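Notes to accompany the following structure.
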Amino acid sequence: MAKSLFQKVAVVGAGTMGNGIAQTFAAYGASVQLVDVDENGLKKGLAAIEGSLARFVKKGTLPEADAKAILARVTPSKELASIRDVELVVEAVVEKPEVKSSVFRQLDAQCPAHTILSSNTSSISITKIAASTKRADRVIGMHFMNPVPLMKLVEVIRGQETSAETTAKVMSASESLEKVPVEASDYPGFVSNRVLMPMINEAVFCLMEGVATREGIDTVMKLGMNHPMGPLALADLIGLDVCLDILEVLHAGLGDDKYRPCPLLRRYVAAGRLGKKSGKGFYEYS
Ligand code: NAD
């Protein structure tokens with residue numbers, strides 16, 4: 001089994017992405033501190049890791065003893081202040097610029113100089129996040145895909161001041177997790193969400209305008225375009241609130257109305273229909 005280049009890692013945020021990122025580093029031998037301010041969020045995150053590992057065991061791709069050892073390498077905490085001597089932090093808190101900047105400000109103040117601070121942001125400017133620290137050369141985007149243990153891609157985003165050394169280390173660190181890193185420049189949505197979100201948004205407009213049913217829209221994209229999942233089911237998996245936040249960043253950052261979030265997406269988020277994580281989005285989940 002390959003070994004993570006970084007052996008001491010902290011992940012901030014134990015939600016959809018944070019728990020998958022923590023699991024992945026732990027699976028490659030790293031000790032991982034998993035931090036979430038919300039007690040319930042932390043519990044759900046750990047349960048998600050346990051559930052995911054159990055599925056690998058059931059499939060016969062992971063020995064039970066290894067699953068136990070991976071889980072034992074993840075240490076949960078509610079205190080951001082507990083993160084100290086780590087080589088890398090991956091931040092995966094909510095997609096809100098002010099929350100991310102505040103987390104980075106605190107991490108910068110308490111972590112040693114060698115610690116690389118990375119963000120799993122889907123769309124927020126790495127340059128802006130880095131500006132809330134005094135180590136902009138060691139701040140970078142490390143954009144994992146959902147579900148992290150299965151998806152190969154890591155989009156590595158270089159902010160304005162990110163050094164070549166930091167970029168090279170994070171590219172190698174991604175490879176050490178058997179992922180495929182792709183370097184991208186710091187523009188809103190980078191590559192992945194700049195291309196994906198307008199498609200999801202357009203699918204929601206189609207639904208709102210009654211062009212087709214939710215199943216119809218998803219079937220067209222699956223069978224007609226060979227996508228493994230339809231855009232509405234994918235939005236449910238990502239989280240409708242996360243999709244809305246990303247569209248807001250694209251709209252504001254690129255200034256083009258083609259990125260304006262569909263009113264139906266806003267309405268679903270306002271109603272608490274956040275997708276799979278809340279049990280209901282464009283589809284219902286039990
Ligand atoms: P989520 O809502 O599932 O989880 C966010 C977690 O962060 C919650 O558990 C919350 O309690 C915690 N949190 C909030 N403020 C915090 C703080 N100050 N300190 C510590 N924890 C805090 O969100 P998610 O879907 O996991 O997204 C996290 C990040 O990953 C976002 O930036 C998002 O854009 C990005 N992302 C999401 C996806 C996806 O498919 N959901 C894919 C790639 C990247």
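Labels used: A, B, ... for chains in the order of the structure tokens, numbers from 1 for residues in each chain, and numbers from 1 for ligands as shown.
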Wanna dump the chain A-ligand 1 contacts at 7 Å for me, each residue with its shortest atom pair and the distance in Å to one decimal, counting only C-alpha atoms and all ligand atoms, ordered by chain and number, as a tab-separated table?
```
residue	atom	partner	partner_atom_place_in_ligand_line	distance
A:Val12	CA	ligand 1	20 (C)	5.2
A:Gly13	CA	ligand 1	7 (O)	3.7
A:Ala14	CA	ligand 1	9 (O)	4.7
A:Gly15	CA	ligand 1	4 (O)	3.3
A:Thr16	CA	ligand 1	26 (O)	3.7
A:Met17	CA	ligand 1	26 (O)	3.7
A:Gly18	CA	ligand 1	26 (O)	5.4
A:Val35	CA	ligand 1	20 (C)	5.8
A:Asp36	CA	ligand 1	21 (N)	3.8
A:Val37	CA	ligand 1	20 (C)	4.5
A:Asp38	CA	ligand 1	11 (O)	4.7
A:Gly41	CA	ligand 1	9 (O)	4.3
A:Leu42	CA	ligand 1	9 (O)	6.5
A:Leu80	CA	ligand 1	19 (N)	6.6
A:Ala92	CA	ligand 1	29 (C)	4.1
A:Val93	CA	ligand 1	7 (O)	3.6
A:Val94	CA	ligand 1	5 (C)	4.6
A:Glu95	CA	ligand 1	32 (O)	4.0
A:Val99	CA	ligand 1	18 (N)	5.9
A:Val103	CA	ligand 1	18 (N)	5.8
A:Asn120	CA	ligand 1	30 (O)	5.0
A:Thr121	CA	ligand 1	32 (O)	3.7
A:Ser122	CA	ligand 1	34 (O)	4.1
A:Ser123	CA	ligand 1	34 (O)	6.6
A:His143	CA	ligand 1	44 (C)	5.9
A:Phe144	CA	ligand 1	43 (C)	5.6
A:Met145	CA	ligand 1	43 (C)	4.9
A:Asn146	CA	ligand 1	40 (O)	4.7
A:Leu237	CA	ligand 1	40 (O)	6.4
A:Ile238	CA	ligand 1	40 (O)	3.5
A:Gly239	CA	ligand 1	41 (N)	5.6
A:Val242	CA	ligand 1	34 (O)	5.7
A:Ile246	CA	ligand 1	34 (O)	6.8
```
Find the residues of stretch 55-142 of chain A that sit at most 12 Å from stretch 170-178 of chain A; for each, write down the nearest two atoms and how far apart they are in Å, to one decimal. Count only C-alpha atoms. Sort by chain, then by number going up, and give it as JSON lines.
```
{"residue": "A:Glu87", "atom": "CA", "partner": "A:Ala173", "partner_atom": "CA", "distance": 11.0}
{"residue": "A:Leu88", "atom": "CA", "partner": "A:Val170", "partner_atom": "CA", "distance": 9.2}
{"residue": "A:Val89", "atom": "CA", "partner": "A:Val170", "partner_atom": "CA", "distance": 11.3}
{"residue": "A:Val90", "atom": "CA", "partner": "A:Val170", "partner_atom": "CA", "distance": 11.0}
{"residue": "A:Thr115", "atom": "CA", "partner": "A:Val170", "partner_atom": "CA", "distance": 11.7}
{"residue": "A:Ile116", "atom": "CA", "partner": "A:Val170", "partner_atom": "CA", "distance": 8.7}
{"residue": "A:Leu117", "atom": "CA", "partner": "A:Val170", "partner_atom": "CA", "distance": 10.4}
{"residue": "A:Ser118", "atom": "CA", "partner": "A:Val170", "partner_atom": "CA", "distance": 9.0}
{"residue": "A:Ser119", "atom": "CA", "partner": "A:Val170", "partner_atom": "CA", "distance": 11.6}
{"residue": "A:Arg138", "atom": "CA", "partner": "A:Val170", "partner_atom": "CA", "distance": 10.1}
{"residue": "A:Val139", "atom": "CA", "partner": "A:Val170", "partner_atom": "CA", "distance": 10.3}
{"residue": "A:Ile140", "atom": "CA", "partner": "A:Val170", "partner_atom": "CA", "distance": 8.3}
{"residue": "A:Gly141", "atom": "CA", "partner": "A:Val170", "partner_atom": "CA", "distance": 9.1}
{"residue": "A:Met142", "atom": "CA", "partner": "A:Val170", "partner_atom": "CA", "distance": 7.7}
```
Output file for the selection above: all heavy atoms, as a tab-separated table (two decimals), in the first residue's frame:
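Now in out.tsv:
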```tsv
chain	number	residue	atom	x	y	z
A	87	GLU	N	1.84	18.61	9.43
A	87	GLU	CA	2.53	19.04	8.21
A	87	GLU	C	1.57	19.72	7.24
A	87	GLU	O	1.94	20.58	6.46
A	87	GLU	CB	3.16	17.82	7.52
A	87	GLU	CG	4.23	17.13	8.33
A	87	GLU	CD	4.35	15.68	7.94
A	87	GLU	OE1	3.54	14.85	8.41
A	87	GLU	OE2	5.26	15.35	7.16
A	88	LEU	N	0.31	19.26	7.31
A	88	LEU	CA	-0.69	19.78	6.36
A	88	LEU	C	-2.04	19.90	7.05
A	88	LEU	O	-2.43	19.02	7.82
A	88	LEU	CB	-0.84	18.77	5.19
A	88	LEU	CG	-1.96	19.08	4.19
A	88	LEU	CD1	-1.54	20.21	3.24
A	88	LEU	CD2	-2.30	17.83	3.36
A	89	VAL	N	-2.73	21.01	6.78
A	89	VAL	CA	-4.14	21.13	7.19
A	89	VAL	C	-4.97	21.18	5.91
A	89	VAL	O	-4.62	21.89	4.96
A	89	VAL	CB	-4.40	22.42	8.01
A	89	VAL	CG1	-5.88	22.50	8.40
A	89	VAL	CG2	-3.53	22.48	9.25
A	90	VAL	N	-6.05	20.40	5.88
A	90	VAL	CA	-7.02	20.53	4.78
A	90	VAL	C	-8.30	21.08	5.40
A	90	VAL	O	-8.90	20.44	6.25
A	90	VAL	CB	-7.32	19.18	4.08
A	90	VAL	CG1	-8.21	19.42	2.87
A	90	VAL	CG2	-6.05	18.46	3.68
A	115	THR	N	3.97	24.29	8.32
A	115	THR	CA	2.67	23.69	8.01
A	115	THR	C	2.07	24.31	6.74
A	115	THR	O	1.95	25.54	6.64
A	115	THR	CB	1.68	23.87	9.18
A	115	THR	OG1	2.27	23.35	10.36
A	115	THR	CG2	0.36	23.15	8.91
A	116	ILE	N	1.68	23.46	5.81
A	116	ILE	CA	0.98	23.94	4.61
A	116	ILE	C	-0.51	23.99	4.93
A	116	ILE	O	-1.07	23.03	5.48
A	116	ILE	CB	1.25	23.01	3.41
A	116	ILE	CG1	2.73	23.11	3.00
A	116	ILE	CG2	0.34	23.36	2.23
A	116	ILE	CD1	3.13	22.15	1.88
A	117	LEU	N	-1.13	25.12	4.63
A	117	LEU	CA	-2.57	25.28	4.89
A	117	LEU	C	-3.30	25.17	3.55
A	117	LEU	O	-3.09	25.99	2.66
A	117	LEU	CB	-2.85	26.63	5.54
A	117	LEU	CG	-2.11	26.93	6.86
A	117	LEU	CD1	-2.50	28.32	7.38
A	117	LEU	CD2	-2.39	25.87	7.91
A	118	SER	N	-4.14	24.14	3.42
A	118	SER	CA	-4.85	23.98	2.15
A	118	SER	C	-6.35	24.08	2.37
A	118	SER	O	-6.85	23.85	3.47
A	118	SER	CB	-4.49	22.63	1.51
A	118	SER	OG	-5.12	21.57	2.17
A	119	SER	N	-7.05	24.42	1.28
A	119	SER	CA	-8.51	24.51	1.35
A	119	SER	C	-9.12	23.60	0.30
A	119	SER	O	-8.64	23.53	-0.83
A	119	SER	CB	-8.97	25.95	1.09
A	119	SER	OG	-10.39	25.98	1.04
A	138	ARG	N	2.50	29.44	1.42
A	138	ARG	CA	2.21	28.06	1.87
A	138	ARG	C	0.70	27.81	2.01
A	138	ARG	O	0.28	26.97	2.79
A	138	ARG	CB	2.94	27.78	3.19
A	138	ARG	CG	4.41	27.45	3.01
A	138	ARG	CD	5.23	27.88	4.20
A	138	ARG	NE	5.36	29.33	4.23
A	138	ARG	CZ	5.52	30.04	5.34
A	138	ARG	NH1	5.58	29.46	6.50
A	138	ARG	NH2	5.61	31.37	5.27
A	139	VAL	N	-0.07	28.56	1.25
A	139	VAL	CA	-1.53	28.34	1.21
A	139	VAL	C	-1.89	27.91	-0.21
A	139	VAL	O	-1.41	28.50	-1.19
A	139	VAL	CB	-2.31	29.62	1.61
A	139	VAL	CG1	-3.81	29.41	1.44
A	139	VAL	CG2	-1.98	30.01	3.05
A	140	ILE	N	-2.74	26.89	-0.32
A	140	ILE	CA	-3.01	26.29	-1.63
A	140	ILE	C	-4.40	25.65	-1.64
A	140	ILE	O	-4.95	25.37	-0.57
A	140	ILE	CB	-1.90	25.24	-1.95
A	140	ILE	CG1	-1.91	24.81	-3.41
A	140	ILE	CG2	-1.99	24.03	-1.02
A	140	ILE	CD1	-0.62	24.16	-3.88
A	141	GLY	N	-4.96	25.44	-2.81
A	141	GLY	CA	-6.23	24.72	-2.92
A	141	GLY	C	-5.96	23.24	-3.15
A	141	GLY	O	-5.11	22.87	-3.98
A	142	MET	N	-6.65	22.41	-2.39
A	142	MET	CA	-6.54	20.96	-2.57
A	142	MET	C	-7.97	20.47	-2.68
A	142	MET	O	-8.62	20.15	-1.70
A	142	MET	CB	-5.82	20.36	-1.35
A	142	MET	CG	-5.05	19.12	-1.66
A	142	MET	SD	-4.10	18.54	-0.26
A	142	MET	CE	-3.48	17.02	-0.98
```
Distance in Å - atom CA of A:Val249 versus atom CA of A:Gly189 | 7.6 Å
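Look at A:Glu161: the protein and nucleic acid residues within 10 Å of it, using only C-alpha atoms and passing over chain neighbours fewer than 4 places away, are Ile126, Thr127, Ala130, Ala131, Arg135, Ala136, Asp137, Arg138, Val139 and Ile140 of chain A.
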Within 9 Å of A:Leu34, counting only C-alpha atoms, which residues qualify if same-chain residues fewer than 5 places away don't, as a PyMOL selection string?
-> chain A and resi 9-14+18-19+22+42+45-46+74-78
Go through A:Met221, A:Ala72, A:Ala65, A:Met151 one by one, measure the shortest atom-to-atom distance of each to A:Glu202 using only C-alpha atoms, and give the residue with the smallest value.
->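 Of A:Met221, A:Ala72, A:Ala65, A:Met151, the one nearest A:Glu202, counting only C-alpha atoms, is A:Met221.
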Just the alpha helix (DSSP H) stuff from stretch 183-222 of chain A, please, per backbone DSSP, written as number ranges by chain.
-> A: 192-208, 214-219
Which of stretch 22-251 of chain A fall in strand (DSSP E), as a ChimeraX atom specification = /A:31-35,74-77,88-91,116-119,139-144,153-158,180-185
Please provide the set of residues having any atom within 12 Å of stretch 274-284 of chain A, restricted to only C-alpha atoms, with same-chain residues fewer than 4 positions apart removed, written as a CSV table (one decimal) with all heavy atoms, in the first residue's frame.
```csv
chain,number,residue,atom,x,y,z
A,15,GLY,N,-17.9,17.3,7.6
A,15,GLY,CA,-19.1,17.0,6.7
A,15,GLY,C,-18.8,16.1,5.6
A,15,GLY,O,-17.9,15.3,5.6
A,16,THR,N,-19.6,16.2,4.5
A,16,THR,CA,-19.5,15.4,3.4
A,16,THR,C,-18.1,15.2,2.9
A,16,THR,O,-17.7,14.0,2.7
A,16,THR,CB,-20.3,16.0,2.2
A,16,THR,OG1,-21.6,16.4,2.7
A,16,THR,CG2,-20.5,15.1,1.0
A,17,MET,N,-17.4,16.2,2.8
A,17,MET,CA,-16.0,16.1,2.2
A,17,MET,C,-15.0,15.9,3.3
A,17,MET,O,-14.1,15.0,3.1
A,17,MET,CB,-15.6,17.5,1.5
A,17,MET,CG,-16.5,17.7,0.3
A,17,MET,SD,-16.4,16.4,-0.9
A,17,MET,CE,-14.7,16.5,-1.5
A,41,GLY,N,-22.0,17.2,14.1
A,41,GLY,CA,-21.3,17.1,12.8
A,41,GLY,C,-20.1,16.1,12.9
A,41,GLY,O,-19.8,15.3,12.0
A,44,LYS,N,-21.5,12.6,13.2
A,44,LYS,CA,-21.9,12.1,11.9
A,44,LYS,C,-20.7,11.8,11.0
A,44,LYS,O,-20.7,10.8,10.2
A,44,LYS,CB,-22.8,13.1,11.2
A,44,LYS,CG,-24.3,13.0,11.6
A,44,LYS,CD,-25.1,14.2,11.2
A,44,LYS,CE,-25.6,14.2,9.7
A,44,LYS,NZ,-26.5,15.3,9.4
A,45,GLY,N,-19.7,12.6,11.1
A,45,GLY,CA,-18.5,12.4,10.3
A,45,GLY,C,-17.8,11.1,10.6
A,45,GLY,O,-17.4,10.4,9.7
A,48,ALA,N,-19.8,8.3,9.3
A,48,ALA,CA,-19.7,8.1,7.8
A,48,ALA,C,-18.4,7.4,7.5
A,48,ALA,O,-18.4,6.5,6.6
A,48,ALA,CB,-19.7,9.5,7.2
A,200,ILE,N,-25.4,22.1,-14.1
A,200,ILE,CA,-26.4,21.7,-13.0
A,200,ILE,C,-27.5,22.8,-13.0
A,200,ILE,O,-28.7,22.5,-12.9
A,200,ILE,CB,-25.7,21.6,-11.7
A,200,ILE,CG1,-24.9,20.2,-11.7
A,200,ILE,CG2,-26.7,21.6,-10.5
A,200,ILE,CD1,-24.2,19.9,-10.4
A,203,ALA,N,-29.9,22.5,-15.7
A,203,ALA,CA,-30.9,21.4,-15.5
A,203,ALA,C,-32.0,21.8,-14.6
A,203,ALA,O,-33.1,21.5,-14.7
A,203,ALA,CB,-30.1,20.2,-14.9
A,204,VAL,N,-31.7,22.7,-13.6
A,204,VAL,CA,-32.7,23.2,-12.6
A,204,VAL,C,-33.6,24.1,-13.3
A,204,VAL,O,-34.8,24.1,-13.1
A,204,VAL,CB,-32.0,23.8,-11.4
A,204,VAL,CG1,-33.1,24.1,-10.3
A,204,VAL,CG2,-31.0,23.0,-10.7
A,207,LEU,N,-36.1,22.0,-15.2
A,207,LEU,CA,-37.1,21.5,-14.3
A,207,LEU,C,-38.1,22.6,-13.9
A,207,LEU,O,-39.3,22.4,-14.0
A,207,LEU,CB,-36.4,21.0,-13.0
A,207,LEU,CG,-37.3,20.3,-12.0
A,207,LEU,CD1,-37.8,18.9,-12.6
A,207,LEU,CD2,-36.6,20.0,-10.7
A,208,MET,N,-37.6,23.8,-13.6
A,208,MET,CA,-38.5,24.9,-13.2
A,208,MET,C,-39.4,25.2,-14.4
A,208,MET,O,-40.6,25.5,-14.1
A,208,MET,CB,-37.7,26.1,-12.8
A,208,MET,CG,-38.5,27.3,-12.3
A,208,MET,SD,-37.4,28.7,-11.8
A,208,MET,CE,-37.1,29.4,-13.4
A,213,THR,N,-39.4,16.1,-16.7
A,213,THR,CA,-39.4,15.8,-15.3
A,213,THR,C,-38.0,15.6,-14.8
A,213,THR,O,-37.1,15.6,-15.6
A,213,THR,CB,-40.1,14.4,-15.1
A,213,THR,OG1,-39.4,13.4,-15.8
A,213,THR,CG2,-41.6,14.5,-15.6
A,214,ARG,N,-37.9,15.5,-13.5
A,214,ARG,CA,-36.5,15.3,-12.9
A,214,ARG,C,-35.9,14.1,-13.5
A,214,ARG,O,-34.7,14.1,-13.9
A,214,ARG,CB,-36.5,15.3,-11.4
A,214,ARG,CG,-37.4,14.1,-10.9
A,214,ARG,CD,-37.6,14.2,-9.4
A,214,ARG,NE,-38.3,12.9,-9.0
A,214,ARG,CZ,-38.7,12.6,-7.8
A,214,ARG,NH1,-38.4,13.4,-6.8
A,214,ARG,NH2,-39.3,11.5,-7.6
A,215,GLU,N,-36.7,13.0,-13.6
A,215,GLU,CA,-36.1,11.7,-14.1
A,215,GLU,C,-35.8,11.9,-15.6
A,215,GLU,O,-34.8,11.4,-16.1
A,215,GLU,CB,-37.1,10.6,-14.0
A,215,GLU,CG,-37.4,10.1,-12.6
A,215,GLU,CD,-38.4,10.9,-11.8
A,215,GLU,OE1,-39.0,11.9,-12.4
A,215,GLU,OE2,-38.7,10.6,-10.6
A,217,ILE,N,-34.9,14.7,-17.2
A,217,ILE,CA,-33.7,15.5,-17.4
A,217,ILE,C,-32.4,14.6,-17.1
A,217,ILE,O,-31.5,14.6,-17.9
A,217,ILE,CB,-33.7,16.7,-16.5
A,217,ILE,CG1,-34.8,17.7,-16.9
A,217,ILE,CG2,-32.4,17.4,-16.4
A,217,ILE,CD1,-35.2,18.7,-15.9
A,218,ASP,N,-32.5,13.9,-16.0
A,218,ASP,CA,-31.3,13.0,-15.7
A,218,ASP,C,-31.1,11.9,-16.7
A,218,ASP,O,-29.9,11.6,-17.0
A,218,ASP,CB,-31.5,12.5,-14.2
A,218,ASP,CG,-31.1,13.5,-13.2
A,218,ASP,OD1,-30.6,14.5,-13.6
A,218,ASP,OD2,-31.3,13.2,-12.0
A,230,GLY,N,-27.2,11.7,-13.6
A,230,GLY,CA,-27.8,12.9,-14.1
A,230,GLY,C,-27.5,14.1,-13.3
A,230,GLY,O,-27.1,14.0,-12.1
A,231,PRO,N,-27.6,15.4,-13.8
A,231,PRO,CA,-27.2,16.6,-13.1
A,231,PRO,C,-28.0,16.8,-11.8
A,231,PRO,O,-27.4,17.4,-10.9
A,231,PRO,CB,-27.4,17.7,-14.1
A,231,PRO,CG,-28.3,17.1,-15.2
A,231,PRO,CD,-28.0,15.6,-15.2
A,232,LEU,N,-29.3,16.4,-11.8
A,232,LEU,CA,-30.1,16.7,-10.6
A,232,LEU,C,-29.7,15.7,-9.5
A,232,LEU,O,-29.6,16.2,-8.3
A,232,LEU,CB,-31.6,16.6,-10.9
A,232,LEU,CG,-32.0,17.6,-12.0
A,232,LEU,CD1,-33.5,17.4,-12.4
A,232,LEU,CD2,-31.9,19.1,-11.5
A,233,ALA,N,-29.5,14.5,-9.8
A,233,ALA,CA,-29.0,13.5,-8.8
A,233,ALA,C,-27.6,13.9,-8.3
A,233,ALA,O,-27.3,13.8,-7.1
A,233,ALA,CB,-29.0,12.1,-9.4
A,234,LEU,N,-26.8,14.4,-9.2
A,234,LEU,CA,-25.5,14.8,-8.8
A,234,LEU,C,-25.5,16.0,-7.9
A,234,LEU,O,-24.8,16.1,-6.9
A,234,LEU,CB,-24.6,15.2,-10.0
A,234,LEU,CG,-23.2,15.6,-9.8
A,234,LEU,CD1,-22.4,14.6,-9.0
A,234,LEU,CD2,-22.5,15.9,-11.1
A,235,ALA,N,-26.4,17.0,-8.2
A,235,ALA,CA,-26.6,18.2,-7.3
A,235,ALA,C,-27.0,17.7,-5.9
A,235,ALA,O,-26.6,18.2,-4.9
A,235,ALA,CB,-27.7,19.1,-7.9
A,236,ASP,N,-27.9,16.7,-5.8
A,236,ASP,CA,-28.3,16.2,-4.5
A,236,ASP,C,-27.2,15.6,-3.8
A,236,ASP,O,-27.1,15.7,-2.6
A,236,ASP,CB,-29.4,15.0,-4.7
A,236,ASP,CG,-30.8,15.6,-4.9
A,236,ASP,OD1,-31.0,16.8,-4.7
A,236,ASP,OD2,-31.7,14.8,-5.1
A,237,LEU,N,-26.3,14.9,-4.5
A,237,LEU,CA,-25.1,14.3,-3.9
A,237,LEU,C,-24.1,15.4,-3.4
A,237,LEU,O,-23.6,15.3,-2.2
A,237,LEU,CB,-24.4,13.4,-4.9
A,237,LEU,CG,-23.2,12.7,-4.4
A,237,LEU,CD1,-23.6,11.6,-3.4
A,237,LEU,CD2,-22.4,12.0,-5.5
A,238,ILE,N,-23.9,16.4,-4.2
A,238,ILE,CA,-23.0,17.5,-3.8
A,238,ILE,C,-23.6,18.3,-2.6
A,238,ILE,O,-22.9,18.7,-1.7
A,238,ILE,CB,-22.8,18.5,-5.0
A,238,ILE,CG1,-22.1,17.8,-6.1
A,238,ILE,CG2,-22.0,19.7,-4.5
A,238,ILE,CD1,-22.0,18.5,-7.4
A,239,GLY,N,-24.9,18.5,-2.6
A,239,GLY,CA,-25.6,19.4,-1.6
A,239,GLY,C,-26.1,20.6,-2.3
A,239,GLY,O,-25.3,21.3,-3.0
A,240,LEU,N,-27.4,20.9,-2.2
A,240,LEU,CA,-28.0,22.0,-3.0
A,240,LEU,C,-27.5,23.3,-2.5
A,240,LEU,O,-27.3,24.3,-3.2
A,240,LEU,CB,-29.5,22.0,-3.0
A,240,LEU,CG,-30.2,20.7,-3.6
A,240,LEU,CD1,-31.6,20.9,-3.9
A,240,LEU,CD2,-29.4,20.2,-4.8
A,241,ASP,N,-27.2,23.4,-1.1
A,241,ASP,CA,-26.7,24.6,-0.5
A,241,ASP,C,-25.3,24.9,-1.1
A,241,ASP,O,-24.9,26.0,-1.4
A,241,ASP,CB,-26.7,24.5,1.0
A,241,ASP,CG,-26.0,23.3,1.6
A,241,ASP,OD1,-25.9,22.3,0.8
A,241,ASP,OD2,-25.7,23.3,2.7
A,242,VAL,N,-24.5,23.8,-1.2
A,242,VAL,CA,-23.1,24.0,-1.7
A,242,VAL,C,-23.2,24.4,-3.2
A,242,VAL,O,-22.5,25.4,-3.6
A,242,VAL,CB,-22.3,22.6,-1.6
A,242,VAL,CG1,-20.9,22.7,-2.2
A,242,VAL,CG2,-22.2,22.2,-0.1
A,243,CYS,N,-24.1,23.9,-4.0
A,243,CYS,CA,-24.2,24.3,-5.4
A,243,CYS,C,-24.6,25.8,-5.4
A,243,CYS,O,-24.0,26.5,-6.3
A,243,CYS,CB,-25.3,23.5,-6.1
A,243,CYS,SG,-24.9,21.7,-6.3
A,244,LEU,N,-25.5,26.2,-4.6
A,244,LEU,CA,-26.0,27.6,-4.6
A,244,LEU,C,-24.8,28.5,-4.2
A,244,LEU,O,-24.6,29.5,-4.9
A,244,LEU,CB,-27.1,27.8,-3.6
A,244,LEU,CG,-27.7,29.2,-3.5
A,244,LEU,CD1,-28.2,29.7,-4.9
A,244,LEU,CD2,-28.9,29.2,-2.5
A,245,ASP,N,-24.1,28.1,-3.2
A,245,ASP,CA,-22.9,28.9,-2.8
A,245,ASP,C,-21.9,29.1,-3.9
A,245,ASP,O,-21.4,30.2,-4.1
A,245,ASP,CB,-22.2,28.3,-1.5
A,245,ASP,CG,-23.0,28.5,-0.3
A,245,ASP,OD1,-23.9,29.4,-0.2
A,245,ASP,OD2,-22.8,27.7,0.7
A,264,LEU,N,-35.5,28.3,-8.6
A,264,LEU,CA,-35.9,27.0,-8.0
A,264,LEU,C,-34.9,26.4,-7.0
A,264,LEU,O,-35.2,25.9,-6.0
A,264,LEU,CB,-36.3,26.0,-9.1
A,264,LEU,CG,-36.9,24.7,-8.5
A,264,LEU,CD1,-38.2,24.9,-7.8
A,264,LEU,CD2,-37.1,23.7,-9.7
A,265,LEU,N,-33.6,26.6,-7.4
A,265,LEU,CA,-32.5,26.1,-6.5
A,265,LEU,C,-32.5,26.9,-5.2
A,265,LEU,O,-32.4,26.4,-4.1
A,265,LEU,CB,-31.2,26.3,-7.2
A,265,LEU,CG,-29.9,25.8,-6.5
A,265,LEU,CD1,-29.9,24.3,-6.2
A,265,LEU,CD2,-28.6,26.2,-7.2
A,266,ARG,N,-32.7,28.2,-5.3
A,266,ARG,CA,-32.8,29.1,-4.1
A,266,ARG,C,-34.0,28.6,-3.2
A,266,ARG,O,-33.9,28.6,-2.0
A,266,ARG,CB,-33.1,30.5,-4.5
A,266,ARG,CG,-31.9,31.2,-5.1
A,266,ARG,CD,-32.2,32.8,-5.2
A,266,ARG,NE,-31.2,33.4,-6.0
A,266,ARG,CZ,-30.0,33.7,-5.6
A,266,ARG,NH1,-29.6,33.4,-4.4
A,266,ARG,NH2,-29.1,34.3,-6.4
A,267,ARG,N,-35.1,28.3,-3.9
A,267,ARG,CA,-36.3,28.0,-3.1
A,267,ARG,C,-36.1,26.7,-2.4
A,267,ARG,O,-36.5,26.5,-1.2
A,267,ARG,CB,-37.5,27.9,-4.1
A,267,ARG,CG,-38.8,28.0,-3.4
A,267,ARG,CD,-40.0,28.2,-4.3
A,267,ARG,NE,-40.4,26.9,-4.8
A,267,ARG,CZ,-41.3,26.7,-5.7
A,267,ARG,NH1,-41.9,27.8,-6.3
A,267,ARG,NH2,-41.7,25.6,-6.1
A,268,TYR,N,-35.5,25.7,-3.1
A,268,TYR,CA,-35.2,24.4,-2.4
A,268,TYR,C,-34.3,24.6,-1.2
A,268,TYR,O,-34.5,24.0,-0.1
A,268,TYR,CB,-34.6,23.4,-3.4
A,268,TYR,CG,-35.7,22.6,-4.2
A,268,TYR,CD1,-37.0,23.1,-4.3
A,268,TYR,CD2,-35.3,21.5,-4.9
A,268,TYR,CE1,-37.9,22.4,-5.1
A,268,TYR,CE2,-36.3,20.7,-5.6
A,268,TYR,CZ,-37.6,21.2,-5.7
A,268,TYR,OH,-38.5,20.5,-6.4
A,269,VAL,N,-33.3,25.4,-1.4
A,269,VAL,CA,-32.3,25.6,-0.3
A,269,VAL,C,-33.0,26.3,0.9
A,269,VAL,O,-32.9,25.9,2.1
A,269,VAL,CB,-31.1,26.4,-0.7
A,269,VAL,CG1,-30.2,26.8,0.4
A,269,VAL,CG2,-30.3,25.5,-1.7
A,270,ALA,N,-33.8,27.3,0.5
A,270,ALA,CA,-34.6,28.0,1.6
A,270,ALA,C,-35.5,27.1,2.4
A,270,ALA,O,-35.7,27.3,3.6
A,270,ALA,CB,-35.4,29.2,1.0
```
Measuring atom to atom with only C-alpha atoms, identify which of A:Gly60, A:Pro263, A:Pro149, A:Pro112 is nearest to A:Glu209.
-> A:Pro263
Non-local contacts of A:Ala26 (8 Å; only C-alpha atoms; under 5 positions in same chain excluded) as a list in words = Ser31, Val32, Ile70, Leu71, Arg73 and Val74 of chain A
Can you work out which one of A:Ala168, A:Ala252, A:Pro228, A:Arg260 has the shortest atom-to-atom distance to A:Pro198, counting only C-alpha atoms?
->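 Among the listed residues, the smallest separation from A:Pro198 belongs to A:Arg260.
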Which residue gives the smallest distance to A:Ser125 among A:Gly253, A:Glu50, A:Val180, A:Met1, with only C-alpha atoms counted?
->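 Closest to A:Ser125, using only C-alpha atoms: A:Gly253.
Across the model, the gap from atom CA of A:Ile124 to atom CA of A:Gly159 is 10.8 Å.
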